[in-house]
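Presented below is the structure to which this report refers.
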Amino acid sequence: MRCAAKSYERPETILSASAHTGYPVIPLAMMLIAAMVTICTAKAQTALVQSVTLNAMREATRVYLQEIDTSTGALTPLATQVAGKSGSIPLCTLEDGAAVTITAHENGARNNTLVAFSPTAPNNQNHSWRALESSQSILAGVTNNGAAGPRAIVVNTIDNGPVRGQGQVEAWPITFPKIDFASAPAMWLLPGAPAAAATHSTAGWVAVVCRIANGAVVLHVRDTVRGRVIQERVPLARASDGLVPAALTLTRDGSVLFAAMNDASPGDDEGHCWVAPLDARSFSPIGLPIELDGIVESFDGLATTNTNDCWIGSRSPSAGFAFVHELVRVDDHFEVRASKSYTGISRKLIVRAADHSAAAGIDRRVEIWQAGKATGVLASFETPVTALCWAGESLLAGEANRIHAISPDGGELWTTRIQTGQVASIVQTALKYDERRFLDDDGDRLANAIDPSNDSPTPWFTLPSEIAFREDAAGIETRAVRIVSENADDTTWRVDYIAETSPWLRVFPRQGRVPGWFMAGVDPSQLSARSGAHASLDVYLWGSNTPQRVSVRLLPRDHAGRCVLWLLPQQGNASGSEFQALANTLSGSPFYWSHAYANRALQSLDDFAAVILESDAIEAGLVTRQELFDYVSRGGGLLVLARERNVEQRWLAPAGIVIGPGAVTGPLQHTNQAHTLTRYVDQIKMESPTRVAVDPALTLLATIGDSAALAIRQFGRGRIVVLASPTPLGEDGLESHANRYFALALFDWLSRSVIETKDADADGLPDDLEDTNNNGVIDNGETSKLDPDSDGDGVPDGKEDFNANAHVDAGETDPLNMDTDGDGDLDGADFNPIPSTSSAANEIAAFDLRSQDAEGHSAISEKEAATVAHDRVTLQLDAAASTEAPLEGTVTVSIVAPPGMDIGRVAMRLDTQPPGELEWIDLRATPEAELAGRRAIQQETREWGIAFELTPSARRSDATRLVIARVRGRNTTMAKVIARDVAVFASSGAQLEANVSGTTVVWNEAAPAP
């Protein structure tokens, strides 16, 4: 077997230079080559890498799978895009190297997709994936029990019907060598809602941890071939225990199951979990459950070895601590052999085990254990670790868009950079290395092993796995499918589908030349009772008998979404409020909307047809800016009711809306005669309208003086309306027939956004925004309305132009530049794709402990604080000298947030540069924070710093000073206090963006006497 390094070019694979010191260049090169050949020959194996492209807002947009050589870091020439937009774990592999995973669907429906992939025959065919009906699907694993063949086992929670909330098992048969979910799955009910599952691949059973109706936790075991119940309800926890199932894993020899359950008791700030070992043959407990610190957050938190040891990674989300534990079997029970804690951790841990070793990804570093003992930091990175995988004696670590191979002694063997996104998971396959899957002799990006001709480039093309239409937009909505094929310009293509079984589907043109496109639509006259219909399009290239298949889905009318959400900060509901009459009006014809009210933070807006938002609700933190804009860009309708204010409010600035202080006076004047809402403007009566400034991208329908009274805009596929006063929609206002007609027309316009907006390429940008002059040509500065990714960086245009204004604003990437910051990584693979405009150092001015003065302190004024984005806060570090002792002082952490925002927990680490120049005497919450019920939990770090977690307040508090630390200088040199690993959360649990100001301490030789 030859090594891939012989003829495979890897310009993005970098050998570590850490071991080069002290060796002559030529002998070292020979040593490296010899070492690589030895490794490649002895341990030539491959792994599968799942990568996900992300936009600047960290939203997932596409999923790719690609094979990698674990010995050299060589990648297969072509990464295969699979159905879905975001990946999940686990990625399960079969003996022939094929893999099965679950991704989030990309058709707008809230469900998941089961995807199969084989590196020996990569494809993007319709039959290699199936849409699942549930939005809460868990891939338990793959079984292969004799004649039954391989089956992908999925457990999920039923979303609709009489058994809604109940769980079920689905066994999907898979045929090979061409991957195909050949038939419908077998289904069996579970005794409760599933939380975690694991399969025994050869025995053919699936074990599911369920929480039943009374709150108890049980284990259900079922045969996946015939559906026979092996164990109905093995008790794991009583309802009174207050435990929530978290994860389940099976040892490699299939002898022991480990079930992790988290303590859900109120008031438990630090978190605890219980791990219950069970015999995988009798399903009886092996000793008592073991209590551990922290909670297990996902499948990534459990790992087992061949010796049946179990490694657990847990975290205390409210305290910032994390833990790694090793459980070993001693006679008839398990006990903890090793345990280690960490501080200042704001991300879940990733734990992976080998035969006698284990590794943990802890934020930006990897640590390793051997023979039950922690050997320390194996590697550190600039970005968080996202994936770990043992490959023989080496460890593969994924961070950002890079994969590192690390030896057990910490040496880096190689680093490979990929351009298909951030590394989401890595899993070793059973396939041996075969250079034909990694070589591409004719340069067509098809590996020799799957290329019909290795002498000349083979035409190939990639199409979307699915296009979706909404039934309520039939006859209006169209979709463009762009056909661009490498090595096939001017080649003829054609589209075939069975018109007899899909009479509602229309396609034009049916053939053309590459590059080209065709349009698809729905004929509403042919729908009849075909709600939720499906069809398939087969696209052929000339000379090829194997088509690419595109699934066509007709999404049924969403009857569950006929609800309007009222975000009212002062009221729990609208009963008796000024909007009761409007709520009653919207409950009748033609809307028949139900109503929901909120005066607390919400996590999702997907279930609502429209959202009515008071400007005061913005400051109260009832919804994050990103969630609100995501909701609108997906087709939601937003009505903003402005109220008079004392300071300027800029939280809606990305949509071009600024609500100013004070009221305006004057007559109401309409400015746009063409819009359907304008005809009602003359008769609207507004009381005390607030000053509102709007971006020119908005359409002004009415003004009062120089202020906007009524403005509307298209935002993505949704619509926004700004009303300078809520009085036209109040109970008194609706006594006017003109105001009532205006209200009905207004909500009709909002609710029809998703139907009337034309977005042929489904990228989130309306066609008239992409082709601004409507000439059908992609002019300079325009994106393509027929191509969802105009620059080819893996991120749809609408996910780059986040506020849908056809400009590259701060915080956005350029949809016409695949590498916005010019660092060599495509935007979809770049961890930080935004160009840097400043040094953004976490430091402010120096201060002198003798003078008790913080010179140059750049405090944020009240006006500036009021303009801070709603989901962004600023943490300030200030210092003052002690009058009682030389070289002693205090460092105070304060927070600046928009008025009314309820801040939850805060976690960070304070380090000193140079290390050891400051001694931390103590750290505690400030008196005002303690009065609010906050606690500061702290621990020193090995870097001479201090990590702390400030727990959420027990009551509403406006305190800005959070933590005060006493420090002592060790020497007379200058030291810096720098904040790291900062994590700030709202009371709802949503993580907020945080800017940090640091502080520099100047220690002087001559210190005053006490």
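Going through the structure tokens in order, the chains are called A, B, and so on, while each chain numbers its residues from 1 and the ligands are numbered from 1 in the order shown.
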
Would you write out, as a tab-separated table, a table of all residues in stretch 315-393 of chain A that have an atom no more than 9 Å from an atom of stretch 423-442 of chain A, listing for each the closest atom pair and the distance in Å to one decimal, considering only C-alpha atoms and ordering rows by chain and rising residue number?
residue	atom	partner	partner_atom	distance
A:Thr386	CA	A:Ala424	CA	6.0
A:Ala387	CA	A:Ser425	CA	5.0
A:Leu388	CA	A:Ile426	CA	6.5
A:Cys389	CA	A:Ile426	CA	5.9
A:Trp390	CA	A:Gln428	CA	7.5
A:Ala391	CA	A:Gln428	CA	6.5

Check your understanding: Hey, what's within 12 Å of A:Ile657 if we count only C-alpha atoms and toss same-chain stuff fewer than 6 positions away? As a PyMOL selection string, please?
Key -> chain A and resi 615+640-642+648-651+691-700+707-713+720-724+803

Revision key, fill the gap. Atom CA of A:Glu471 to atom CA of A:Pro509 measures 22.5 Å

Check your understanding: With only C-alpha atoms as the basis for distance, which of A:Gln669, A:Ser407, A:Ser753, A:Ser357 is at the shortest distance from A:Leu378?
Key -> A:Ser407

**Study point:** Selected residue of minimal separation from A:His807 among A:Leu769, A:Leu463, A:Ala260, A:Ala182, counting only C-alpha atoms
**Key:**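 Among A:Leu769, A:Leu463, A:Ala260, A:Ala182, it is A:Leu769 that comes nearest to A:His807.
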
Tell me, as a PDB file with N, CA and C atoms, in the first residue's frame, which residues lie within 12 Å of A:Pro667, counting only C-alpha atoms; anything in the same chain fewer than 3 positions away does not count.
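The resulting file, around_32.pdb, is shown below:
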ATOM      1  N   VAL A 664     -43.998  64.575  18.952  1.00  0.00           N
ATOM      2  CA  VAL A 664     -44.025  65.568  17.876  1.00  0.00           C
ATOM      3  C   VAL A 664     -45.457  66.065  17.713  1.00  0.00           C
ATOM      4  N   HIS A 670     -50.094  62.163   4.479  1.00  0.00           N
ATOM      5  CA  HIS A 670     -49.672  60.941   3.810  1.00  0.00           C
ATOM      6  C   HIS A 670     -48.687  61.284   2.703  1.00  0.00           C
ATOM      7  N   VAL A 681     -55.034  56.660   5.668  1.00  0.00           N
ATOM      8  CA  VAL A 681     -54.181  57.492   6.510  1.00  0.00           C
ATOM      9  C   VAL A 681     -54.831  58.815   6.866  1.00  0.00           C
ATOM     10  N   ASP A 682     -55.577  59.420   5.937  1.00  0.00           N
ATOM     11  CA  ASP A 682     -56.126  60.753   6.176  1.00  0.00           C
ATOM     12  C   ASP A 682     -57.007  60.823   7.412  1.00  0.00           C
ATOM     13  N   GLN A 683     -57.656  59.725   7.764  1.00  0.00           N
ATOM     14  CA  GLN A 683     -58.633  59.768   8.840  1.00  0.00           C
ATOM     15  C   GLN A 683     -58.092  59.204  10.161  1.00  0.00           C
ATOM     16  N   ILE A 684     -56.814  58.808  10.177  1.00  0.00           N
ATOM     17  CA  ILE A 684     -56.245  58.255  11.405  1.00  0.00           C
ATOM     18  C   ILE A 684     -56.001  59.387  12.402  1.00  0.00           C
ATOM     19  N   LYS A 685     -56.358  59.130  13.635  1.00  0.00           N
ATOM     20  CA  LYS A 685     -56.115  60.094  14.703  1.00  0.00           C
ATOM     21  C   LYS A 685     -55.036  59.536  15.633  1.00  0.00           C
ATOM     22  N   MET A 686     -53.946  60.300  15.811  1.00  0.00           N
ATOM     23  CA  MET A 686     -52.855  59.891  16.692  1.00  0.00           C
ATOM     24  C   MET A 686     -52.724  60.874  17.844  1.00  0.00           C
ATOM     25  N   GLU A 687     -52.547  60.350  19.044  1.00  0.00           N
ATOM     26  CA  GLU A 687     -52.314  61.183  20.216  1.00  0.00           C
ATOM     27  C   GLU A 687     -50.874  61.015  20.683  1.00  0.00           C
ATOM     28  N   SER A 688     -50.195  62.128  20.889  1.00  0.00           N
ATOM     29  CA  SER A 688     -48.805  62.151  21.385  1.00  0.00           C
ATOM     30  C   SER A 688     -47.903  61.200  20.609  1.00  0.00           C
ATOM     31  N   PRO A 689     -47.829  61.344  19.290  1.00  0.00           N
ATOM     32  CA  PRO A 689     -46.939  60.443  18.539  1.00  0.00           C
ATOM     33  C   PRO A 689     -45.472  60.667  18.907  1.00  0.00           C
ATOM     34  N   ALA A 702     -46.887  58.004   6.032  1.00  0.00           N
ATOM     35  CA  ALA A 702     -47.410  59.212   6.674  1.00  0.00           C
ATOM     36  C   ALA A 702     -46.343  59.824   7.553  1.00  0.00           C
ATOM     37  N   THR A 703     -46.382  61.169   7.677  1.00  0.00           N
ATOM     38  CA  THR A 703     -45.440  61.889   8.531  1.00  0.00           C
ATOM     39  C   THR A 703     -46.194  62.896   9.380  1.00  0.00           C
ATOM     40  N   ILE A 704     -45.550  63.291  10.469  1.00  0.00           N
ATOM     41  CA  ILE A 704     -45.989  64.433  11.262  1.00  0.00           C
ATOM     42  C   ILE A 704     -44.766  65.316  11.411  1.00  0.00           C
ATOM     43  N   GLY A 705     -44.778  66.433  10.721  1.00  0.00           N
ATOM     44  CA  GLY A 705     -43.590  67.267  10.668  1.00  0.00           C
ATOM     45  C   GLY A 705     -42.462  66.524   9.983  1.00  0.00           C
ATOM     46  N   ASP A 706     -41.296  66.481  10.641  1.00  0.00           N
ATOM     47  CA  ASP A 706     -40.157  65.775  10.067  1.00  0.00           C
ATOM     48  C   ASP A 706     -40.021  64.361  10.624  1.00  0.00           C
ATOM     49  N   SER A 707     -41.038  63.855  11.314  1.00  0.00           N
ATOM     50  CA  SER A 707     -40.977  62.540  11.935  1.00  0.00           C
ATOM     51  C   SER A 707     -41.911  61.582  11.215  1.00  0.00           C
ATOM     52  N   ALA A 708     -41.502  60.312  11.180  1.00  0.00           N
ATOM     53  CA  ALA A 708     -42.334  59.280  10.556  1.00  0.00           C
ATOM     54  C   ALA A 708     -43.498  58.941  11.479  1.00  0.00           C
ATOM     55  N   ALA A 709     -44.695  58.936  10.936  1.00  0.00           N
ATOM     56  CA  ALA A 709     -45.877  58.535  11.702  1.00  0.00           C
ATOM     57  C   ALA A 709     -46.250  57.096  11.386  1.00  0.00           C
TER      58      ALA A 709
END
